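Just below is one structure, and these are the notes that go with it.
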Amino acid sequence: MSHQTGKVEKDVNASTANKLLVICVDRDNDVGEKTGIVTPVIGRDRCIEAAQRLALEDPEDADSNSIFAAIKTYEDLVSKGYQVEVVTVAGVQDRGVQADEKILLETKKTLEIFPANGAVIVSDGEDDESVIPVIQNVLPVVSVQRVVMKVSRSVEYSYAVFGKYLKMIAYDSKYSKFFLGVPGILLLIGGIATVFGYTAEIFAVLVSILGGAFLIRAFDIDRVWSSWSKPTPMGFIRMFTMVAGILLILSSVPAGIGAIDSELVQSNEEFIVKISDKIVIGQFVAGILPILWIGIGAIFVGTLLSNWIGGIPRQISDILRIIVLGALYPIILQFTNIMIFDDNSLTLIPPLLGGLAVTLISATILFKKYRKNKDQEMISD
């Protein structure tokens with residue numbers, strides 16, 4: 001801790017801040033969920049009380065140590081003659097955008113009580129530190145302190161930790177679904193297939209299930225689907241537009257095949273030969289393009305509407321996504337004309353420059369509007 005304190009003091013001396021706010025970040029709100037304490041927790045005594053109650057509720061939670069570390073940093077800076085206050089801010093249990101918004105609001109609320117001009121962030125990991133850009137919107141961050149727990153390296157302790165994680169895998173539903181559920185399904189299918197003599201064929205099925213499980217967990221598809229399928233207006237909008245968009249995208253393939261001139265392809269054998277013909281490719285892309293673009297656009301519009309209704313400040317990226325989709329349409333359409341009618345390749349330049357101009361102008365207007373609204377919100381706050 002002394003090395004960390006020296007680093008903090010060096011960072012503070014290198015800055016121009018004279019009123020410092022030591023911020024302990026608890027992004028998943030363990031303090032509120034486990035103790036019932038309402039954040040922000042402002043002041044040394046209140047932070048000590050919050051850390052003690054959290055340690056009593058869950059002695060293994062690292063956030064209590066982070067709060068104590070923030071208090072230690074606060075006391076060290078006070079002893080050096082700095083004007084300092086300490087606060088614990090928290091997000092929500094599910095993290096994400098709502099957690100960042102809550103942390104931003106709590107930081108603003110703290111600044112109304114203690115108008116600091118520099119922040120020292122104390123956290124116990126990269127997840128909490130991901131909110132640093134959010135805090136920097138209202139307060140310059142002069143130093144970041146990460147709290148690392150010192151643990152015993154004995155064999156007994158290693159066995160205890162290993163047993164704890166085995167217990168989590170066996171009894172915690174968040175982990176058991178993947179670490180036990182997926183292998184259990186694979187073993188069950190493999191055993192049944194062996195009994196009925198389908199050992200060779202089942203290998204492809206097992207690999208497909210395992211690959212699908214990895215993809216679902218890697219891209220948080222299960223969490224996204226659970227949030228989209230909640231009985232809220234936003235969830236229903238996203239679910240409807242997602243299903244409609246996927247159906248349109250799938251139906252665009254037969255439309256593309258139907259757009260191919262039947263005289264070019266008389267049989268399946270000729271189709272395999274002609275599939276590399278640029279005219280066939282151009283006709284297929286031209287046929288698939290309208291319905292495909294409508295399907296993708298439906299998904300993008302659904303995301304925009306759900307975020308708009310839910311109050312999530314991501315409308316700029318959602319609107320730009322739709323604008324870029326529209327700007328790409330004439331470019332790809334002209335590309336199909338080059339493939340089918342053998343037009344000059346230079347005819348692709350005007351729609352390309354036009355689409356680039358539309359994208360840049362739209363992005364500039366949207367970002368200016370966003371900054372203007374943001375400045376107005378900060379003034380009103």
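Identifiers in the structure tokens: chain A, B, ... in order shown; residue index from 1 per chain; ligand index from 1 in order shown.
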key: All residues 7 Å or closer to A:Gly245, only C-alpha atoms, same chain fewer than 2 positions away omitted, as a count of residues only   = 10
Non-local contacts of A:Leu346 (12 Å; only C-alpha atoms; under 3 positions in same chain excluded) as a ChimeraX atom specification = /A:331,334-335,337-338,342-343,349-353
Can those selected residues be exported to a file as a PDB file, in the first residue's frame so that it contains N, CA and C atoms?
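Result file follows (out-v9.pdb):
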```pdb
ATOM      1  N   ILE A 331     -24.274   2.088 -53.588  1.00  0.00           N
ATOM      2  CA  ILE A 331     -22.927   1.624 -53.944  1.00  0.00           C
ATOM      3  C   ILE A 331     -22.965   0.163 -54.388  1.00  0.00           C
ATOM      4  N   GLN A 334     -24.872  -0.245 -57.714  1.00  0.00           N
ATOM      5  CA  GLN A 334     -24.053   0.087 -58.876  1.00  0.00           C
ATOM      6  C   GLN A 334     -23.015  -1.004 -59.150  1.00  0.00           C
ATOM      7  N   PHE A 335     -22.530  -1.637 -58.080  1.00  0.00           N
ATOM      8  CA  PHE A 335     -21.594  -2.748 -58.254  1.00  0.00           C
ATOM      9  C   PHE A 335     -22.245  -3.901 -59.029  1.00  0.00           C
ATOM     10  N   ASN A 337     -24.623  -3.557 -61.216  1.00  0.00           N
ATOM     11  CA  ASN A 337     -24.728  -3.112 -62.612  1.00  0.00           C
ATOM     12  C   ASN A 337     -23.429  -3.329 -63.365  1.00  0.00           C
ATOM     13  N   ILE A 338     -22.307  -3.108 -62.669  1.00  0.00           N
ATOM     14  CA  ILE A 338     -21.000  -3.361 -63.291  1.00  0.00           C
ATOM     15  C   ILE A 338     -20.837  -4.838 -63.608  1.00  0.00           C
ATOM     16  N   ASP A 342     -21.656  -4.897 -67.429  1.00  0.00           N
ATOM     17  CA  ASP A 342     -20.270  -4.596 -67.774  1.00  0.00           C
ATOM     18  C   ASP A 342     -20.037  -3.078 -67.884  1.00  0.00           C
ATOM     19  N   ASP A 343     -20.660  -2.325 -66.956  1.00  0.00           N
ATOM     20  CA  ASP A 343     -20.438  -0.873 -66.926  1.00  0.00           C
ATOM     21  C   ASP A 343     -18.996  -0.562 -66.550  1.00  0.00           C
ATOM     22  N   ILE A 349     -17.595   5.384 -58.472  1.00  0.00           N
ATOM     23  CA  ILE A 349     -17.036   6.479 -57.672  1.00  0.00           C
ATOM     24  C   ILE A 349     -18.114   7.458 -57.187  1.00  0.00           C
ATOM     25  N   PRO A 350     -19.065   7.933 -58.057  1.00  0.00           N
ATOM     26  CA  PRO A 350     -20.069   8.902 -57.560  1.00  0.00           C
ATOM     27  C   PRO A 350     -20.894   8.400 -56.380  1.00  0.00           C
ATOM     28  N   PRO A 351     -21.487   7.189 -56.440  1.00  0.00           N
ATOM     29  CA  PRO A 351     -22.231   6.752 -55.246  1.00  0.00           C
ATOM     30  C   PRO A 351     -21.334   6.544 -54.023  1.00  0.00           C
ATOM     31  N   LEU A 352     -20.075   6.161 -54.273  1.00  0.00           N
ATOM     32  CA  LEU A 352     -19.150   5.978 -53.162  1.00  0.00           C
ATOM     33  C   LEU A 352     -18.864   7.305 -52.467  1.00  0.00           C
ATOM     34  N   LEU A 353     -18.571   8.355 -53.260  1.00  0.00           N
ATOM     35  CA  LEU A 353     -18.320   9.680 -52.686  1.00  0.00           C
ATOM     36  C   LEU A 353     -19.589  10.255 -52.052  1.00  0.00           C
TER      37      LEU A 353
END
```
Of the listed residues A:Gln145, A:Asn307, A:Ser262, A:Asn18, that which approaches A:Met234 most closely, counting only C-alpha atoms =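 Ranked by minimum distance to A:Met234, first place goes to A:Asn307.
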request  = Mind the document's chain letters and residue numbers, and return as a PyMOL selection string the residues of stretch 11-166 of chain A that DSSP labels alpha helix (DSSP H).
outcome  = chain A and resi 11-14+30-35+44-57+62-79+96-113+126-129+132-136+155-166
